[in-house]
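Trainee: Please see the structure below; I have some questions.
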Amino acid sequence: MTSPSLNPLASLLTRCAICTICGLMMLIGDVSAHDPVAEGTVTQGQSIRGRLGTGESLLFEPVRKTSQEQVPEKPRIRNLILLIGDGMGPQQVGLLTQYAHHGKHSPYEDRQAAIERLMNEGVAGIMRTEPHNMLVVDSAASATQIATGQYAGSEMIGANYQGDSAKTVLEYAKESGRSTGLVSDTRITHATPASFAAHQRHRSMENEIAGDMLETQPDVMLSGGLRHWVPAAAAKKESVTYEALRQLIGDAYPITTKRTDNRNLLLEARDYYQLAFDRYALARIEEMPVLGLFSDTAMLDALAEKAADNAGTRNQPTLVEMSKKAIELLDQNPAGFFLMIEGGQIDWTGHNNDAGAMLHELLRFDAVVAAVMEWAKDRDDTVIVVTADHETGSFGFSYSGSSIPKARQLAGNVFNNEKFEPNFNFARQRTLESLYGQKQSYYTILETFDALPAKEQTAESLMELVNSAMPLNIDLDEAVQVLTRSRNKMYQEGHPFLGTKTLPNIRDFNSFYVYGENLRMNLLGRLLAEEQNVVWGTGTHTSTPVTLGAWGPEAATKPFSGIHHSTDIGQRMIELMQQ
């Protein structure tokens, strides 16, 4: 496979940062229980699923420039694999590559992250993400734009900004005779996977999204989220429904439901799909179609997964295991396949301002990129696209006036007898190890705290939980700060996230911290930020453009290089699937 030479990824990230600073472009955003937006309430009812196919027009912004550059004739691409790092802006890619190069426990023999290698061997670009008439995007609108090549409105699923159902690249791939798959470490009905196989007016309508997905019938669906597939009766452990589900699922995980009706989508799915509920069942499956639901809600985060592995208790497949199985099954179709793989919990760590957990999520996602590249290395019929839907948290390392290094003598002749004495702390590389050494995510820490009896939910208990999970410690006064509340100035009665009259006390830019009790995690992130040389700008999304890499035959990947909008990327992928 031949591919054009490119500037190093570091150059790309530098250009992206310059673009951001200069204000040349503006862009975009996501959440639950870890990602609160998905739990928002709207009146659930009529689907906006509409006519797909003949006569459907694509919607574009009034002004759209197209490249006149000539590219070689495109070969037919059999397989398209799209990997989305949710919330993975250029800053997050920077964290990953810095750890790959400088981390003591870097898993890379050549000290090069897979994303970095993909961009250096293939083509690299920058993707704008803004939705119609807005500057900042959420995951639903962003994934919809990537999936459909059309501008979307905020929080829509598979719909263009005028509210019409928009045909997705997955649906085009099915039309062409290819097999299709969706893999995510969140829930299968969550915003990103949903946008490729469902058409609903709001991302919170996960019950309806599950019904759409069953209708669309991707050949492989692997993720969490059982609770949107089983009827309301499953909430009662003494019910016949619960017992029947327990017989089907076994002891893989607790059974819960978010449905309010008696529709049992799991039983409906059995008419078409093989079902899997743990890693062992998935490993035994040898052919499509398959629906794997490996948790009642979201799957384990990277640190919890690592802990379960170490304890020998992991029942869930990893993101790598799900991705490999999906490719193994989808590749059985001679016509080829489309597969979307999401590393969704990068975003959640950004929302929670949790730098250590973010590093582990990035490493987990990058391991999938490496596995996909290994599978495709000798093929000339496959395109791999790696990108993000937006940046989350306005994350970055920054130099500070705290813990300034002491002056020291250097051997070089430029300094002669003068000492090397920087004016500031430019973040020692050993900072990376303090992030890697984190044992639990902030989410797990606070989940454990909230599970304590009310009388034990004290600042002392929180301090002990934090300090047992973190290389860096907090003191009692700081634990009190995390638990201190203040009046909610954004209070709106009935709002899914702003409906409480008090919130954890964020003192500045508090209108950008909107997810209720999750703000305790943001406060914890701020307390540890100085020692981590980390800065956070928000608890939501930013408009920062994201990186994009494409790997495969040159003629097929060259159109992905440069600076494009997410709708342009969607159109390029649809073109590949229409060949």
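Labels used: A, B, ... for chains in the order of the structure tokens, numbers from 1 for residues in each chain, and numbers from 1 for ligands as shown.
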For Glu575 of chain A, work out the shell of residues within 10 Å, counting only C-alpha atoms and skipping chain neighbours fewer than 5 positions away, then give it as an MDAnalysis selection string.
Mentor: chainID A and resid 77 169 172:173 556 569:570
Trainee: Take the selection from the previous step and output its residues with N, CA, C and O atoms, as a tab-separated table (two decimals), in the first residue's frame.
Mentor:
```
chain	number	residue	atom	x	y	z
A	77	ILE	N	-13.37	0.45	-2.74
A	77	ILE	CA	-13.05	0.13	-1.35
A	77	ILE	C	-14.09	-0.85	-0.83
A	77	ILE	O	-15.29	-0.58	-0.84
A	169	VAL	N	-24.41	6.66	6.48
A	169	VAL	CA	-23.41	5.85	5.78
A	169	VAL	C	-23.63	4.37	6.04
A	169	VAL	O	-23.41	3.53	5.16
A	172	TYR	N	-26.41	3.38	3.72
A	172	TYR	CA	-25.90	3.28	2.35
A	172	TYR	C	-25.09	1.99	2.19
A	172	TYR	O	-25.17	1.32	1.14
A	173	ALA	N	-24.29	1.65	3.19
A	173	ALA	CA	-23.48	0.43	3.12
A	173	ALA	C	-24.37	-0.81	3.01
A	173	ALA	O	-24.10	-1.73	2.23
A	556	ALA	N	-8.05	6.76	-2.33
A	556	ALA	CA	-9.25	6.79	-1.49
A	556	ALA	C	-9.09	7.67	-0.27
A	556	ALA	O	-10.09	8.21	0.24
A	569	ILE	N	-16.67	15.05	5.60
A	569	ILE	CA	-16.15	13.72	5.89
A	569	ILE	C	-17.24	12.67	5.70
A	569	ILE	O	-17.02	11.60	5.13
A	570	GLY	N	-18.45	12.99	6.15
A	570	GLY	CA	-19.56	12.08	5.95
A	570	GLY	C	-19.82	11.82	4.48
A	570	GLY	O	-20.04	10.67	4.06
```
Trainee: Which residues come within 10 Å of Asp477 of chain A, counting only C-alpha atoms, excluding same-chain residues fewer than 2 positions away, as a list in words?
Mentor: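 With the cut-off at 10 Å, the set is Ala459, Glu460, Met463, Ile474, Asp475, Ala479, Val480, Gln481 and Val482 of chain A.
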Trainee: Residues within 7 Å of segment 219-236 of chain A, please, as a PyMOL selection string. Count only C-alpha atoms; anything in the same chain fewer than 6 positions from it doesn't count.
Mentor: chain A and resi 179-189+206-207+210+242+256-266+288-299+322+326
Trainee: Which polymer residues have any atom within 10 Å of an atom of Thr144 of chain A, counting only C-alpha atoms, with same-chain residues fewer than 4 positions away left out, as a ChimeraX atom specification?
Mentor: /A:131,139-140,148-160,166-169,191-199,389,566-567,570
Trainee: Just want the 9 Å neighbourhood of Ser398 of chain A, counted on only C-alpha atoms, with same-chain residues fewer than 3 positions away dropped. Output as a ChimeraX atom specification.
Mentor: /A:425-427,533-535
Trainee: Within 12 Å of Gly396 of chain A, counting only C-alpha atoms, which residues show up once you throw out same-chain ones fewer than 2 positions away? Write them as number ranges by chain, please.
Mentor: A: 17, 89-96, 98, 350, 353-355, 358, 391-394, 398-399, 427, 529-530, 532-538
Trainee: Save the residues we just selected, N, CA, C and O atoms, as a short mmCIF file (atom, residue, chain, number, x, y, z; two decimals), in the first residue's frame?
Mentor:
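Once written, again_12.cif looks like this:
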```
data_model
loop_
_atom_site.label_atom_id
_atom_site.label_comp_id
_atom_site.auth_asym_id
_atom_site.auth_seq_id
_atom_site.Cartn_x
_atom_site.Cartn_y
_atom_site.Cartn_z
N ALA A 17 -3.49 24.12 16.99
CA ALA A 17 -3.48 25.04 18.12
C ALA A 17 -3.44 26.47 17.64
O ALA A 17 -4.12 27.35 18.16
N GLY A 89 -10.14 15.78 21.47
CA GLY A 89 -9.60 16.90 20.73
C GLY A 89 -8.10 16.77 20.54
O GLY A 89 -7.47 15.81 20.99
N PRO A 90 -7.48 17.75 19.87
CA PRO A 90 -6.03 17.69 19.68
C PRO A 90 -5.25 17.68 20.99
O PRO A 90 -4.17 17.10 21.07
N GLN A 91 -5.81 18.32 22.03
CA GLN A 91 -5.15 18.29 23.33
C GLN A 91 -5.09 16.87 23.89
O GLN A 91 -4.07 16.45 24.47
N GLN A 92 -6.19 16.14 23.72
CA GLN A 92 -6.22 14.76 24.21
C GLN A 92 -5.26 13.88 23.40
O GLN A 92 -4.57 13.02 23.96
N VAL A 93 -5.22 14.08 22.08
CA VAL A 93 -4.25 13.35 21.26
C VAL A 93 -2.84 13.69 21.71
O VAL A 93 -1.95 12.83 21.77
N GLY A 94 -2.63 14.96 22.09
CA GLY A 94 -1.32 15.36 22.61
C GLY A 94 -0.95 14.61 23.88
O GLY A 94 0.19 14.18 24.05
N LEU A 95 -1.90 14.46 24.79
CA LEU A 95 -1.65 13.69 26.02
C LEU A 95 -1.26 12.26 25.68
O LEU A 95 -0.29 11.71 26.24
N LEU A 96 -2.00 11.64 24.77
CA LEU A 96 -1.70 10.26 24.37
C LEU A 96 -0.29 10.14 23.80
O LEU A 96 0.47 9.25 24.19
N GLN A 98 2.27 12.19 24.10
CA GLN A 98 3.31 12.49 25.09
C GLN A 98 3.56 11.28 25.98
O GLN A 98 4.71 10.97 26.31
N GLY A 350 -13.38 13.84 30.21
CA GLY A 350 -13.26 15.27 29.96
C GLY A 350 -14.34 16.05 30.67
O GLY A 350 -14.08 17.09 31.28
N ASN A 353 -13.41 16.31 34.20
CA ASN A 353 -12.10 16.92 34.46
C ASN A 353 -11.15 15.95 35.16
O ASN A 353 -10.45 16.30 36.11
N ASP A 354 -11.12 14.73 34.66
CA ASP A 354 -10.37 13.63 35.27
C ASP A 354 -9.22 13.23 34.35
O ASP A 354 -9.36 12.35 33.49
N ALA A 355 -8.06 13.86 34.54
CA ALA A 355 -6.95 13.70 33.60
C ALA A 355 -6.36 12.29 33.63
O ALA A 355 -5.99 11.74 32.58
N MET A 358 -8.63 9.95 31.89
CA MET A 358 -8.60 10.28 30.47
C MET A 358 -7.43 9.59 29.78
O MET A 358 -7.58 9.04 28.67
N GLU A 391 -14.11 18.24 21.10
CA GLU A 391 -13.21 18.23 22.26
C GLU A 391 -14.03 18.48 23.50
O GLU A 391 -14.99 19.25 23.49
N THR A 392 -13.64 17.84 24.61
CA THR A 392 -14.37 17.99 25.87
C THR A 392 -13.44 18.45 26.98
O THR A 392 -12.37 17.88 27.17
N GLY A 393 -13.85 19.49 27.70
CA GLY A 393 -13.16 19.90 28.91
C GLY A 393 -12.19 21.05 28.75
O GLY A 393 -11.73 21.61 29.74
N SER A 394 -11.83 21.40 27.51
CA SER A 394 -10.79 22.41 27.28
C SER A 394 -9.54 22.06 28.08
O SER A 394 -8.98 22.87 28.82
N SER A 398 -0.18 23.01 31.30
CA SER A 398 0.19 24.43 31.26
C SER A 398 1.35 24.67 32.22
O SER A 398 1.49 23.98 33.22
N TYR A 399 2.19 25.65 31.89
CA TYR A 399 3.26 25.97 32.84
C TYR A 399 2.75 26.93 33.90
O TYR A 399 1.80 27.67 33.69
N ALA A 427 6.08 21.77 33.66
CA ALA A 427 5.47 20.44 33.76
C ALA A 427 6.50 19.34 33.48
O ALA A 427 6.77 18.99 32.34
N ALA A 529 -5.36 19.75 40.03
CA ALA A 529 -4.82 20.27 38.78
C ALA A 529 -3.45 20.91 38.94
O ALA A 529 -2.58 20.76 38.07
N GLU A 530 -3.23 21.64 40.03
CA GLU A 530 -1.95 22.34 40.19
C GLU A 530 -0.79 21.36 40.21
O GLU A 530 0.22 21.56 39.53
N GLN A 532 -0.79 18.44 38.95
CA GLN A 532 -0.73 17.74 37.67
C GLN A 532 -0.31 18.66 36.53
O GLN A 532 -0.14 18.19 35.39
N ASN A 533 -0.10 19.96 36.80
CA ASN A 533 0.16 20.95 35.76
C ASN A 533 -0.91 20.93 34.67
O ASN A 533 -0.64 21.13 33.49
N VAL A 534 -2.15 20.70 35.10
CA VAL A 534 -3.28 20.58 34.18
C VAL A 534 -4.21 21.76 34.36
O VAL A 534 -4.42 22.25 35.47
N VAL A 535 -4.77 22.21 33.25
CA VAL A 535 -5.82 23.23 33.31
C VAL A 535 -7.06 22.68 32.61
O VAL A 535 -6.97 21.92 31.65
N TRP A 536 -8.22 23.07 33.12
CA TRP A 536 -9.52 22.74 32.54
C TRP A 536 -10.29 24.03 32.33
O TRP A 536 -10.28 24.91 33.19
N GLY A 537 -10.97 24.15 31.20
CA GLY A 537 -11.71 25.37 30.92
C GLY A 537 -13.21 25.23 31.07
O GLY A 537 -13.91 26.24 31.13
N THR A 538 -13.72 23.98 31.13
CA THR A 538 -15.17 23.79 31.12
C THR A 538 -15.50 22.37 31.57
O THR A 538 -14.63 21.48 31.57
#
```
Trainee: Give the strand (DSSP E) residues of segment 42-260 of chain A, as DSSP finds them on the backbone, and put them as number ranges by chain.
Mentor: A: 79-85, 123-128, 179-187, 220-224
Trainee: Rounded to one decimal in Å, what is the spacing between atom CA of Gly356 of chain A and atom CA of Ser441 of chain A?
Mentor: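 Atom CA of Gly356 of chain A sits 7.6 Å away from atom CA of Ser441 of chain A.
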Trainee: Write out as a tab-separated table (two decimals) with N, CA, C and O atoms, in the first residue's frame the residues lying within 6 Å of Arg485 of chain A, counting only C-alpha atoms and excluding same-chain residues fewer than 3 positions away.
Mentor:
```
chain	number	residue	atom	x	y	z
A	503	LEU	N	-26.18	23.36	44.07
A	503	LEU	CA	-25.22	22.56	43.31
A	503	LEU	C	-23.88	22.58	44.04
A	503	LEU	O	-23.61	23.50	44.83
A	504	PRO	N	-23.01	21.61	43.78
A	504	PRO	CA	-21.63	21.74	44.26
A	504	PRO	C	-21.06	23.09	43.81
A	504	PRO	O	-21.33	23.56	42.71
A	505	ASN	N	-20.27	23.69	44.66
A	505	ASN	CA	-19.91	25.10	44.52
A	505	ASN	C	-18.74	25.34	43.57
A	505	ASN	O	-17.59	25.40	43.98
```
Trainee: For atom CA of Arg78 of chain A and atom CA of Ala376 of chain A, determine how far apart the two atoms are, in Å to one decimal place.
Mentor: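 So the two atoms, atom CA of Arg78 of chain A and atom CA of Ala376 of chain A, lie 11.6 Å apart.
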Trainee: Among segment 359-440 of chain A, which ones does DSSP place in alpha helix (DSSP H), written as a PyMOL selection string?
Mentor: chain A and resi 359-376+431-436
Trainee: Using only C-alpha atoms, which of the listed residues (A:Met134, A:Ile249, A:Leu319, A:Val123) sits closest to Glu554 of chain A?
Mentor: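 Smallest separation from Glu554 of chain A among the options: A:Val123.
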Trainee: Using only C-alpha atoms, find the one residue out of A:Gln112, A:Asn417, A:Ser434, A:Ser511 that sits nearest to Thr97 of chain A.
Mentor: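 Closest candidate: A:Gln112.
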Trainee: Could you work out how far atom CA of Met470 of chain A lies from atom CA of Phe397 of chain A, giving the answer in Å with one decimal?
Mentor: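 Between atom CA of Phe397 of chain A and atom CA of Met470 of chain A the gap is 18.5 Å.
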Trainee: Using only C-alpha atoms, which of A:His541, A:Arg526, A:Lys325, A:Lys489 sits nearest Val137 of chain A?
Mentor: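 Selected residue with least distance to Val137 of chain A: A:His541.
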Trainee: Using only C-alpha atoms for the distances, tell me which of A:Glu456, A:Glu464, A:Asp278, A:Glu287 is nearest to Asp331 of chain A.
Mentor: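 Of all the options, A:Glu287 lies closest to Asp331 of chain A.
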